[in-house]
$ cat entry_16.cif   # mmCIF, C-alpha atoms and all ligand atoms
data_structure
#
loop_
_atom_site.label_atom_id
_atom_site.label_comp_id
_atom_site.auth_asym_id
_atom_site.auth_seq_id
_atom_site.Cartn_x
_atom_site.Cartn_y
_atom_site.Cartn_z
CA MET A 10 120.60 139.73 155.87
CA ALA A 11 117.77 137.34 156.67
CA ASP A 12 117.99 134.11 154.75
CA GLU A 13 114.69 132.64 153.62
CA HIS A 14 115.98 129.08 153.50
CA GLY A 15 117.80 128.93 156.79
CA PRO A 16 120.91 126.82 156.31
CA VAL A 17 119.83 125.50 152.89
CA LEU A 18 121.70 126.57 149.74
CA ASP A 19 119.73 128.77 147.35
CA ARG A 20 120.17 126.34 144.48
CA ILE A 21 118.82 123.43 146.55
CA ALA A 22 115.89 125.47 147.78
CA ALA A 23 115.13 126.51 144.20
CA MET A 24 115.43 123.12 142.48
CA PRO A 25 112.51 120.76 142.05
CA GLY A 26 113.14 117.35 143.62
CA TYR A 27 113.01 114.16 141.56
CA GLU A 28 109.45 113.05 141.05
CA PRO A 29 109.26 109.28 141.19
CA GLY A 30 106.33 107.33 139.79
CA GLU A 31 103.60 106.59 142.28
CA GLN A 32 103.97 103.49 144.49
CA PRO A 33 100.32 103.01 145.44
CA ARG A 34 99.51 101.51 148.80
CA GLY A 35 97.09 98.66 148.93
CA VAL A 36 96.35 96.25 146.12
CA GLY A 37 94.06 96.01 143.16
CA LEU A 38 95.70 98.34 140.66
CA VAL A 39 97.47 96.86 137.67
CA LYS A 40 100.75 98.64 138.15
CA LEU A 41 102.32 99.66 134.82
CA ASN A 42 103.88 102.99 135.81
CA THR A 43 107.47 102.45 136.98
CA ASN A 44 108.89 99.83 134.61
CA GLU A 45 109.29 97.14 137.23
CA ASN A 46 109.54 93.52 136.11
CA PRO A 47 106.24 91.66 136.63
CA TYR A 48 108.08 88.38 137.23
CA PRO A 49 109.90 87.43 140.44
CA PRO A 50 113.70 87.41 140.75
CA SER A 51 115.69 84.18 140.44
CA PRO A 52 114.91 81.74 143.29
CA ARG A 53 118.68 81.50 143.73
CA ALA A 54 118.75 85.23 144.46
CA VAL A 55 115.91 84.91 146.96
CA ASP A 56 117.70 82.00 148.70
CA ALA A 57 120.89 84.06 148.85
CA ALA A 58 118.98 86.97 150.43
CA ARG A 59 117.54 84.64 153.06
CA ALA A 60 120.95 83.15 153.84
CA ALA A 61 122.45 86.64 154.19
CA LEU A 62 119.74 87.55 156.69
CA GLU A 63 120.54 84.56 158.83
CA GLY A 64 124.11 85.44 159.63
CA GLY A 65 126.39 88.45 159.63
CA LEU A 66 123.99 91.40 159.87
CA ASN A 67 125.93 92.67 162.89
CA LEU A 68 128.94 93.11 160.61
CA TYR A 69 129.51 95.78 157.97
CA PRO A 70 129.45 94.58 154.37
CA ASP A 71 132.55 94.47 152.16
CA PRO A 72 132.93 98.20 151.30
CA SER A 73 133.98 97.39 147.75
CA SER A 74 131.43 94.60 147.10
CA THR A 75 134.17 92.34 145.73
CA ALA A 76 132.13 89.14 145.27
CA LEU A 77 129.34 91.04 143.51
CA ARG A 78 131.83 92.78 141.24
CA GLU A 79 133.48 89.42 140.46
CA ALA A 80 130.11 88.06 139.37
CA ALA A 81 129.62 91.15 137.17
CA SER A 82 133.12 90.75 135.79
CA ALA A 83 132.38 87.15 134.72
CA CYS A 84 129.00 88.06 133.33
CA TYR A 85 130.10 91.09 131.27
CA ARG A 86 133.61 89.77 130.46
CA VAL A 87 135.56 92.72 131.82
CA PRO A 88 138.27 92.80 134.51
CA VAL A 89 136.95 93.19 138.03
CA ASP A 90 138.69 96.56 138.43
CA ASN A 91 136.46 97.81 135.59
CA VAL A 92 133.35 97.47 137.77
CA VAL A 93 131.91 99.59 140.58
CA ALA A 94 128.74 98.59 142.44
CA GLY A 95 126.10 101.05 143.56
CA ASN A 96 122.99 101.34 145.68
CA GLY A 97 120.95 101.23 142.49
CA SER A 98 122.39 102.54 139.24
CA ASP A 99 121.05 105.92 140.39
CA GLU A 100 123.91 106.01 142.87
CA VAL A 101 126.39 105.29 140.06
CA LEU A 102 124.97 108.27 138.13
CA ALA A 103 125.53 110.42 141.22
CA MET A 104 129.11 109.11 141.60
CA ALA A 105 129.84 110.03 137.97
CA LEU A 106 128.67 113.60 138.53
CA ARG A 107 130.65 113.94 141.75
CA ALA A 108 133.81 112.54 140.16
CA CYS A 109 133.66 114.31 136.79
CA VAL A 110 131.62 117.51 137.12
CA GLY A 111 132.44 120.41 139.40
CA GLN A 112 130.19 123.24 140.52
CA GLY A 113 129.36 125.26 137.40
CA GLY A 114 130.48 122.33 135.22
CA ARG A 115 128.58 121.39 132.10
CA VAL A 116 126.18 118.48 131.65
CA VAL A 117 124.43 117.73 128.37
CA TYR A 118 121.69 115.32 127.26
CA THR A 119 118.78 115.14 124.88
CA THR A 120 115.23 115.59 126.12
CA PRO A 121 112.89 114.01 126.81
CA THR A 122 114.85 111.52 128.87
CA TYR A 123 115.24 110.18 132.42
CA SER A 124 114.43 113.20 134.59
CA LEU A 125 116.88 112.25 137.34
CA TYR A 126 119.76 113.56 135.19
CA SER A 127 118.65 117.15 135.64
CA THR A 128 117.91 116.64 139.35
CA LEU A 129 121.37 115.20 140.02
CA ALA A 130 123.04 117.96 138.01
CA ALA A 131 121.12 120.59 139.98
CA THR A 132 122.18 119.14 143.33
CA ILE A 133 125.86 119.69 142.52
CA GLY A 134 125.34 123.09 140.92
CA ALA A 135 126.19 122.01 137.38
CA ARG A 136 124.86 123.84 134.34
CA THR A 137 122.70 121.69 132.08
CA ARG A 138 122.21 121.93 128.37
CA GLU A 139 119.16 120.08 127.13
CA LEU A 140 118.94 119.34 123.42
CA ALA A 141 115.34 118.99 122.36
CA TRP A 142 115.01 115.83 120.31
CA PRO A 143 111.62 114.49 119.34
CA GLU A 144 113.23 111.22 118.16
CA GLN A 145 110.85 110.84 115.22
CA LEU A 146 108.50 108.83 117.33
CA SER A 147 106.68 107.38 114.36
CA ASP A 148 109.84 105.65 113.21
CA GLU A 149 109.31 101.91 113.07
CA ASP A 150 112.92 101.06 113.60
CA SER A 151 114.33 101.43 117.05
CA GLY A 152 118.06 101.95 117.24
CA ASP A 153 119.87 104.71 115.51
CA GLY A 154 122.09 107.73 115.92
CA VAL A 155 121.91 110.81 118.06
CA PRO A 156 120.74 114.26 116.93
CA GLU A 157 123.07 116.52 115.08
CA GLY A 158 124.52 118.88 117.58
CA LEU A 159 124.90 116.39 120.42
CA ALA A 160 128.50 115.53 119.55
CA GLU A 161 129.28 119.23 119.31
CA ALA A 162 127.62 119.91 122.66
CA ALA A 163 129.38 116.90 124.22
CA ALA A 164 132.72 118.19 122.96
CA ASP A 165 132.82 120.88 125.59
CA ALA A 166 130.73 119.26 128.28
CA ASP A 167 132.09 117.60 131.39
CA LEU A 168 129.46 114.88 131.15
CA CYS A 169 127.09 113.74 128.41
CA PHE A 170 124.25 111.38 129.37
CA VAL A 171 122.97 108.99 126.72
CA CYS A 172 120.08 106.81 127.79
CA SER A 173 119.85 103.73 125.57
CA PRO A 174 117.14 102.53 125.27
CA ASN A 175 115.75 105.93 126.19
CA SER A 176 112.75 106.67 128.38
CA PRO A 177 109.94 107.37 127.67
CA SER A 178 110.37 106.60 123.95
CA GLY A 179 111.97 103.15 124.22
CA ARG A 180 114.37 104.06 121.44
CA ALA A 181 117.89 102.61 121.46
CA VAL A 182 121.01 104.47 120.37
CA SER A 183 123.54 102.70 118.15
CA LEU A 184 126.97 101.63 119.28
CA GLU A 185 128.52 103.74 116.51
CA ALA A 186 126.75 106.87 117.73
CA ILE A 187 127.98 106.40 121.29
CA ALA A 188 131.53 105.68 120.10
CA GLY A 189 131.33 108.91 118.08
CA LEU A 190 130.35 110.87 121.18
CA ALA A 191 133.19 109.37 123.21
CA ARG A 192 135.64 110.35 120.46
CA ALA A 193 134.23 113.86 120.16
CA SER A 194 134.20 114.61 123.86
CA ARG A 195 136.91 115.39 126.35
CA GLY A 196 134.42 114.82 129.17
CA LEU A 197 132.65 111.71 130.37
CA VAL A 198 130.12 109.97 128.12
CA LEU A 199 127.72 108.00 130.29
CA ALA A 200 125.69 105.33 128.52
CA ASP A 201 122.74 104.50 130.77
CA GLU A 202 121.82 100.93 129.86
CA ALA A 203 119.13 100.37 132.50
CA TYR A 204 116.87 98.73 129.86
CA ILE A 205 119.43 97.13 127.53
CA ASP A 206 118.45 93.53 128.33
CA PHE A 207 115.15 94.21 126.56
CA GLY A 208 116.75 95.45 123.31
CA GLY A 209 119.46 97.60 121.76
CA SER A 210 123.17 96.84 121.66
CA SER A 211 125.39 97.37 124.66
CA VAL A 212 128.53 99.47 124.46
CA ILE A 213 130.35 97.58 127.24
CA GLU A 214 132.65 96.18 124.53
CA LEU A 215 133.82 99.75 123.82
CA ILE A 216 135.12 100.61 127.27
CA GLY A 217 138.59 99.26 126.47
CA GLU A 218 138.87 101.80 123.66
CA HIS A 219 137.61 104.90 125.47
CA ASP A 220 138.85 106.05 128.87
CA ASN A 221 135.95 108.54 129.03
CA LEU A 222 133.12 106.02 128.56
CA LEU A 223 131.08 104.78 131.52
CA VAL A 224 128.29 102.24 131.11
CA THR A 225 125.69 101.93 133.85
CA ARG A 226 123.54 98.86 134.44
CA SER A 227 120.65 98.30 136.80
CA LEU A 228 119.44 95.12 138.48
CA SER A 229 116.05 96.76 139.04
CA LYS A 230 114.44 96.00 135.71
CA SER A 231 115.65 92.87 133.91
CA TYR A 232 116.75 91.10 137.12
CA SER A 233 113.50 91.96 138.98
CA LEU A 234 115.36 93.48 141.95
CA ALA A 235 114.01 97.05 142.11
CA GLY A 236 113.33 96.64 145.83
CA MET A 237 116.92 95.59 146.56
CA ARG A 238 118.65 98.66 145.01
CA LEU A 239 121.57 97.39 142.95
CA GLY A 240 123.40 98.95 140.04
CA LEU A 241 126.77 98.73 138.33
CA GLY A 242 129.16 101.08 136.58
CA LEU A 243 131.58 99.71 133.97
CA GLY A 244 134.56 101.60 132.64
CA GLN A 245 138.35 101.68 132.59
CA ALA A 246 140.10 101.09 135.93
CA GLY A 247 141.22 104.71 136.43
CA LEU A 248 137.69 106.01 135.97
CA ILE A 249 136.18 103.32 138.18
CA ASP A 250 138.73 104.09 140.92
CA ALA A 251 137.72 107.74 140.85
CA LEU A 252 134.01 106.92 141.00
CA ALA A 253 134.54 104.56 143.94
CA LYS A 254 136.09 107.40 145.95
CA THR A 255 132.80 109.29 145.74
CA LYS A 256 130.42 106.49 146.75
CA ASP A 257 128.87 106.06 150.16
CA SER A 258 131.31 104.11 152.30
CA TYR A 259 129.21 100.93 152.69
CA ASN A 260 126.89 101.59 149.80
CA VAL A 261 125.73 98.03 149.09
CA SER A 262 124.33 96.10 152.03
CA ARG A 263 125.28 92.50 152.79
CA VAL A 264 121.85 91.30 151.75
CA ALA A 265 121.89 93.29 148.51
CA ALA A 266 125.41 92.22 147.54
CA THR A 267 124.75 88.49 148.01
CA THR A 268 121.40 88.72 146.28
CA GLY A 269 122.87 90.59 143.33
CA GLN A 270 125.72 88.12 142.99
CA ALA A 271 123.29 85.17 142.80
CA ALA A 272 121.06 87.04 140.34
CA LEU A 273 124.00 87.77 138.02
CA GLU A 274 125.03 84.12 138.21
CA ASP A 275 121.58 83.04 137.03
CA GLN A 276 121.59 84.61 133.56
CA LYS A 277 119.19 81.95 132.31
CA TRP A 278 116.44 83.17 134.64
CA MET A 279 116.92 86.82 133.70
CA ARG A 280 116.97 86.04 129.95
CA ALA A 281 113.83 83.92 130.11
CA ASN A 282 111.89 86.72 131.84
CA ALA A 283 113.27 89.37 129.51
CA GLU A 284 112.16 87.27 126.51
CA ARG A 285 108.67 86.94 127.98
CA VAL A 286 108.48 90.71 128.45
CA ILE A 287 109.71 91.31 124.89
CA ASP A 288 107.12 88.88 123.44
CA THR A 289 104.35 90.60 125.38
CA ARG A 290 105.58 94.05 124.31
CA GLU A 291 105.49 93.03 120.65
CA ARG A 292 102.04 91.47 120.95
CA VAL A 293 100.56 94.51 122.69
CA THR A 294 102.14 97.12 120.42
CA ALA A 295 100.94 95.17 117.34
CA GLU A 296 97.42 95.07 118.78
CA LEU A 297 97.42 98.81 119.51
CA ARG A 298 98.68 99.62 116.01
CA ALA A 299 95.98 97.38 114.55
CA ARG A 300 93.51 99.62 116.38
CA GLY A 301 95.05 102.62 114.65
CA ARG A 302 97.07 103.88 117.63
CA ARG A 303 100.54 105.34 117.28
CA VAL A 304 103.11 103.34 119.22
CA PRO A 305 106.78 103.88 118.34
CA ALA A 306 109.01 100.81 118.25
CA SER A 307 110.43 100.16 121.72
CA ALA A 308 113.59 98.32 122.76
CA ALA A 309 112.68 98.53 126.45
CA ASN A 310 110.20 96.98 128.92
CA PHE A 311 107.71 99.79 128.29
CA PHE A 312 106.31 101.63 125.31
CA TRP A 313 105.04 105.08 124.50
CA LEU A 314 101.39 105.44 123.59
CA ASP A 315 100.68 108.65 121.73
CA CYS A 316 97.36 110.01 122.96
CA GLY A 317 97.03 112.63 120.24
CA ARG A 318 94.60 115.42 120.89
CA GLU A 319 93.16 113.75 123.99
CA GLY A 320 96.50 114.29 125.76
CA GLY A 321 98.27 112.06 128.26
CA ARG A 322 96.60 113.13 131.46
CA PRO A 323 92.98 112.35 130.55
CA VAL A 324 94.02 108.90 129.30
CA PHE A 325 96.01 108.34 132.51
CA GLU A 326 92.95 109.29 134.56
CA ARG A 327 90.57 107.16 132.54
CA LEU A 328 92.89 104.15 132.89
CA ARG A 329 93.28 104.73 136.60
CA GLU A 330 89.52 104.66 137.05
CA SER A 331 89.56 101.25 135.38
CA GLY A 332 92.26 100.08 137.80
CA VAL A 333 95.27 100.42 135.49
CA LEU A 334 98.11 102.69 136.57
CA VAL A 335 100.40 104.13 133.87
CA ARG A 336 102.54 107.27 133.74
CA TYR A 337 101.66 110.34 131.71
CA PHE A 338 103.99 112.93 130.30
CA ASP A 339 102.53 116.03 128.76
CA ASN A 340 105.56 117.34 127.03
CA GLU A 341 105.66 119.78 124.15
CA MET A 342 107.97 117.59 122.21
CA LEU A 343 106.22 114.30 122.77
CA GLY A 344 102.75 115.67 122.46
CA GLY A 345 100.53 114.13 125.07
CA GLY A 346 100.92 110.48 125.79
CA VAL A 347 101.40 107.79 128.37
CA ARG A 348 104.29 105.47 129.08
CA VAL A 349 103.11 101.95 129.72
CA SER A 350 105.31 99.35 131.44
CA VAL A 351 105.02 95.85 130.03
CA GLY A 352 103.46 93.56 132.62
CA THR A 353 102.30 89.95 132.39
CA ASP A 354 100.00 88.93 129.51
CA GLU A 355 97.01 88.99 131.89
CA GLN A 356 97.88 92.52 133.08
CA MET A 357 98.31 93.73 129.51
CA ASP A 358 94.95 92.24 128.51
CA ARG A 359 93.37 94.35 131.25
CA PHE A 360 95.23 97.38 129.93
CA LEU A 361 94.10 96.68 126.34
CA GLU A 362 90.51 96.38 127.49
CA ALA A 363 90.68 99.56 129.57
CA VAL A 364 92.36 101.67 126.89
CA GLY A 365 89.66 100.86 124.33
CA ASP A 366 89.82 101.68 120.62
C1 LIG A 401 115.23 102.72 136.39
C2 LIG A 401 116.28 103.56 135.76
C3 LIG A 401 117.52 103.75 136.34
C4 LIG A 401 117.87 103.41 137.76
O1 LIG A 401 117.71 102.27 138.22
P1 LIG A 401 118.13 101.85 139.69
O2 LIG A 401 116.86 101.30 140.23
O3 LIG A 401 118.65 103.00 140.46
O4 LIG A 401 119.17 100.83 139.42
C5 LIG A 401 118.49 104.44 135.68
N1 LIG A 401 118.24 104.97 134.46
C6 LIG A 401 117.05 104.82 133.88
C7 LIG A 401 116.84 105.42 132.55
C8 LIG A 401 116.04 104.14 134.50
O5 LIG A 401 114.85 104.05 133.95
#

$ encode --input "entry_16.cif" --output "structure tokens"
Amino acid sequence: MADEHGPVLDRIAAMPGYEPGEQPRGVGLVKLNTNENPYPPSPRAVDAARAALEGGLNLYPDPSSTALREAASACYRVPVDNVVAGNGSDEVLAMALRACVGQGGRVVYTTPTYSLYSTLAATIGARTRELAWPEQLSDEDSGDGVPEGLAEAAADADLCFVCSPNSPSGRAVSLEAIAGLARASRGLVLADEAYIDFGGSSVIELIGEHDNLLVTRSLSKSYSLAGMRLGLGLGQAGLIDALAKTKDSYNVSRVAATTGQAALEDQKWMRANAERVIDTRERVTAELRARGRRVPASAANFFWLDCGREGGRPVFERLRESGVLVRYFDNEMLGGGVRVSVGTDEQMDRFLEAVGD
């Protein structure tokens, strides 16, 4: 029988690919669409990158990124065999699926959330269960439980993703709620903490108690290293060992590993920039609310702006014409709105002017 997709599997041909936010070419746009950090990485990290370029590029990197993992171990106060390094935390998410979910296996998460979860699940032929959860977006307080039904769904899933703080809402999930999921589930509970340095409480301290809990961290946002591609997975040694078997063989380059190590060793730099972003987020959300706009409390380096009846797309287009790039999501559950990354104060003043009353 003729095969429409040539050598490609039906499920790959049928799945939509991940749709990343736009990376516009050229300059001029105020870029608030992919949650990058507006401030540069630690100068120590930049020096380390330069030094790595000047010697050793003819040699493969350490396949297990030992020095980088040692820096993470010191920084997060866990044994080094509790850490795996990835080519971005996206790679750690992929490792978790490969290690813990087989073809036809079950993956559960609430929606809306990071859309890569469904893409990664589709690539391995897993079945996904999405629990619609509007997250009471008017709620002033950010940081709470998970919807009723998630623990039950997690109980017979192979993997349950919990994004805390979540995107695009910015809402954090409590430590107690994640511990409850880990207790309820026989499968893996993956706490995606890509934005945790901007708010919310980390569950790294719980990994000793739960052999089915994996915490992922990214150096893309709070450490300003999105271009370098660095992420971490933290969990008990047995789990981490299994994940490491599924990674690309030399998944973190020499330059990335040295840069990441220096960035982790300069916590002061990361914290200072995260605090600046948090201050700006609070100033801008207060200003928008004073104008009568609905902005749910965010624990991340972005916030959700409800666009009401106007919808997300028209606001996105209007802002783009004024030179401000944000991301829109027209989602039944969210209603229309845009997700706005927190930039510098000057960038956010341009956004505030462009968005109008
Ligand atoms: C940005 C992001 C990541 C991935 O970051 P990497 O750049 O791959 O480290 C993971 N999860 C969420 C929710 C994110 O927003």

$ residues_near_point --input "entry_16.cif" --point "(122.9, 105.0, 115.7)" --cutoff "12 Å" --atoms "all atoms listed in the file" --output "list in words"
Glu144, Asp150, Ser151, Gly152, Asp153, Gly154, Val155, Pro156, Glu157, Val171, Ser173, Pro174, Arg180, Ala181, Val182, Ser183, Leu184, Glu185, Ala186, Ile187, Ala188, Gly189, Leu190, Gly209, Ser210 and Val212 of chain A

$ closest_residue --input "entry_16.cif" --among "A:Ala135, A:Ile205, A:Ala309, A:Val324" --to "Leu168 of chain A" --atoms "only C-alpha atoms"
A:Ala135

$ closest_residue --input "entry_16.cif" --among "A:Ala141, A:Val351, A:Leu199, A:Cys84" --to "Glu291 of chain A" --atoms "all atoms listed in the file"
A:Val351

$ residues_near_ligand --input "entry_16.cif" --ligand "ligand LIG 401 (chain A)" --cutoff "8 Å" --atoms "only C-alpha atoms and all ligand atoms" --output "number ranges by chain"
A: 43-44, 96-100, 102, 122-123, 125, 172-176, 201-204, 225-230, 235, 238-241

$ write_last_selection --input "entry_16.cif" --atoms "C-alpha atoms" --output "PDB file, in the coordinates of the input"
ATOM      1  CA  THR A  43     107.470 102.450 136.980  1.00  0.00           C
ATOM      2  CA  ASN A  44     108.890  99.830 134.610  1.00  0.00           C
ATOM      3  CA  ASN A  96     122.990 101.340 145.680  1.00  0.00           C
ATOM      4  CA  GLY A  97     120.950 101.230 142.490  1.00  0.00           C
ATOM      5  CA  SER A  98     122.390 102.540 139.240  1.00  0.00           C
ATOM      6  CA  ASP A  99     121.050 105.920 140.390  1.00  0.00           C
ATOM      7  CA  GLU A 100     123.910 106.010 142.870  1.00  0.00           C
ATOM      8  CA  LEU A 102     124.970 108.270 138.130  1.00  0.00           C
ATOM      9  CA  THR A 122     114.850 111.520 128.870  1.00  0.00           C
ATOM     10  CA  TYR A 123     115.240 110.180 132.420  1.00  0.00           C
ATOM     11  CA  LEU A 125     116.880 112.250 137.340  1.00  0.00           C
ATOM     12  CA  CYS A 172     120.080 106.810 127.790  1.00  0.00           C
ATOM     13  CA  SER A 173     119.850 103.730 125.570  1.00  0.00           C
ATOM     14  CA  PRO A 174     117.140 102.530 125.270  1.00  0.00           C
ATOM     15  CA  ASN A 175     115.750 105.930 126.190  1.00  0.00           C
ATOM     16  CA  SER A 176     112.750 106.670 128.380  1.00  0.00           C
ATOM     17  CA  ASP A 201     122.740 104.500 130.770  1.00  0.00           C
ATOM     18  CA  GLU A 202     121.820 100.930 129.860  1.00  0.00           C
ATOM     19  CA  ALA A 203     119.130 100.370 132.500  1.00  0.00           C
ATOM     20  CA  TYR A 204     116.870  98.730 129.860  1.00  0.00           C
ATOM     21  CA  THR A 225     125.690 101.930 133.850  1.00  0.00           C
ATOM     22  CA  ARG A 226     123.540  98.860 134.440  1.00  0.00           C
ATOM     23  CA  SER A 227     120.650  98.300 136.800  1.00  0.00           C
ATOM     24  CA  LEU A 228     119.440  95.120 138.480  1.00  0.00           C
ATOM     25  CA  SER A 229     116.050  96.760 139.040  1.00  0.00           C
ATOM     26  CA  LYS A 230     114.440  96.000 135.710  1.00  0.00           C
ATOM     27  CA  ALA A 235     114.010  97.050 142.110  1.00  0.00           C
ATOM     28  CA  ARG A 238     118.650  98.660 145.010  1.00  0.00           C
ATOM     29  CA  LEU A 239     121.570  97.390 142.950  1.00  0.00           C
ATOM     30  CA  GLY A 240     123.400  98.950 140.040  1.00  0.00           C
ATOM     31  CA  LEU A 241     126.770  98.730 138.330  1.00  0.00           C
TER      32      LEU A 241
END

$ atom_distance --input "entry_16.cif" --atom1 "atom CA of Val304 of chain A" --atom2 "atom CA of Leu328 of chain A"
17.1 Å

$ closest_residue --input "entry_16.cif" --among "A:Leu66, A:Ser262, A:Glu296, A:Gly345" --to "Phe360 of chain A" --atoms "all atoms listed in the file"
A:Glu296

$ closest_atom_pairs --input "entry_16.cif" --of "segment 76-171 of chain A" --to "segment 17-37 of chain A" --cutoff "12 Å" --atoms "all atoms listed in the file" --output "tab-separated table"
residue	atom	partner	partner_atom	distance
A:Asp99	CA	A:Tyr27	CA	11.6
A:Gln112	CA	A:Arg20	CA	11.2
A:Gly113	CA	A:Arg20	CA	11.7
A:Tyr123	CA	A:Tyr27	CA	10.2
A:Ser124	CA	A:Tyr27	CA	7.2
A:Leu125	CA	A:Tyr27	CA	6.0
A:Tyr126	CA	A:Tyr27	CA	9.3
A:Ser127	CA	A:Tyr27	CA	8.7
A:Thr128	CA	A:Tyr27	CA	5.9
A:Leu129	CA	A:Tyr27	CA	8.6
A:Ala130	CA	A:Met24	CA	10.2
A:Ala131	CA	A:Met24	CA	6.7
A:Thr132	CA	A:Ile21	CA	6.3
A:Ile133	CA	A:Ile21	CA	8.9
A:Gly134	CA	A:Arg20	CA	7.1
A:Ala135	CA	A:Arg20	CA	10.3
A:Arg136	CA	A:Arg20	CA	11.4

$ residues_around --input "entry_16.cif" --residues "Cys169 of chain A" --least-positions-apart "5" --cutoff "8 Å" --atoms "all atoms listed in the file" --output "JSON list (two decimals) with C-alpha atoms, in the frame of the given file"
[["chain", "number", "residue", "atom", "x", "y", "z"],
["A", 116, "VAL", "CA", 126.18, 118.48, 131.65],
["A", 117, "VAL", "CA", 124.43, 117.73, 128.37],
["A", 118, "TYR", "CA", 121.69, 115.32, 127.26],
["A", 163, "ALA", "CA", 129.38, 116.90, 124.22],
["A", 196, "GLY", "CA", 134.42, 114.82, 129.17],
["A", 197, "LEU", "CA", 132.65, 111.71, 130.37],
["A", 198, "VAL", "CA", 130.12, 109.97, 128.12],
["A", 199, "LEU", "CA", 127.72, 108.00, 130.29]]

$ closest_residue --input "entry_16.cif" --among "A:Met357, A:Ala164, A:Val55, A:Asp339" --to "Thr294 of chain A" --atoms "all atoms listed in the file"
A:Met357

$ residues_around --input "entry_16.cif" --residues "Ser258 of chain A" --least-positions-apart "2" --cutoff "7 Å" --atoms "only C-alpha atoms" --output "JSON, numbers by chain"
{"A": [72, 256, 260]}

$ residues_around --input "entry_16.cif" --residues "segment 85-92 of chain A" --least-positions-apart "5" --cutoff "12 Å" --atoms "only C-alpha atoms" --output "PyMOL selection string"
chain A and resi 73-80+101+211-217+220+222-226+240-253+273-274+276

$ build_atoms --input "entry_16.cif" --residues "segment 51-63 of chain A" --atoms "N, CA and C atoms" --output "tab-separated table (two decimals), keeping the file's coordinate frame"
chain	number	residue	atom	x	y	z
A	51	SER	N	115.22	85.57	140.40
A	51	SER	CA	115.69	84.18	140.44
A	51	SER	C	115.53	83.61	141.84
A	52	PRO	N	115.01	82.38	141.96
A	52	PRO	CA	114.91	81.74	143.29
A	52	PRO	C	116.29	81.64	143.95
A	53	ARG	N	117.33	81.55	143.16
A	53	ARG	CA	118.68	81.50	143.73
A	53	ARG	C	119.01	82.82	144.42
A	54	ALA	N	118.53	83.91	143.84
A	54	ALA	CA	118.75	85.23	144.46
A	54	ALA	C	117.97	85.34	145.76
A	55	VAL	N	116.75	84.84	145.75
A	55	VAL	CA	115.91	84.91	146.96
A	55	VAL	C	116.53	84.04	148.08
A	56	ASP	N	117.03	82.86	147.71
A	56	ASP	CA	117.70	82.00	148.70
A	56	ASP	C	118.94	82.70	149.27
A	57	ALA	N	119.67	83.36	148.40
A	57	ALA	CA	120.89	84.06	148.85
A	57	ALA	C	120.52	85.19	149.82
A	58	ALA	N	119.42	85.89	149.54
A	58	ALA	CA	118.98	86.97	150.43
A	58	ALA	C	118.64	86.41	151.80
A	59	ARG	N	117.93	85.27	151.79
A	59	ARG	CA	117.54	84.64	153.06
A	59	ARG	C	118.78	84.22	153.85
A	60	ALA	N	119.73	83.61	153.16
A	60	ALA	CA	120.95	83.15	153.84
A	60	ALA	C	121.70	84.35	154.42
A	61	ALA	N	121.73	85.45	153.70
A	61	ALA	CA	122.45	86.64	154.19
A	61	ALA	C	121.79	87.19	155.44
A	62	LEU	N	120.47	87.05	155.51
A	62	LEU	CA	119.74	87.55	156.69
A	62	LEU	C	120.06	86.73	157.93
A	63	GLU	N	120.39	85.45	157.70
A	63	GLU	CA	120.54	84.56	158.83
A	63	GLU	C	121.90	84.60	159.50
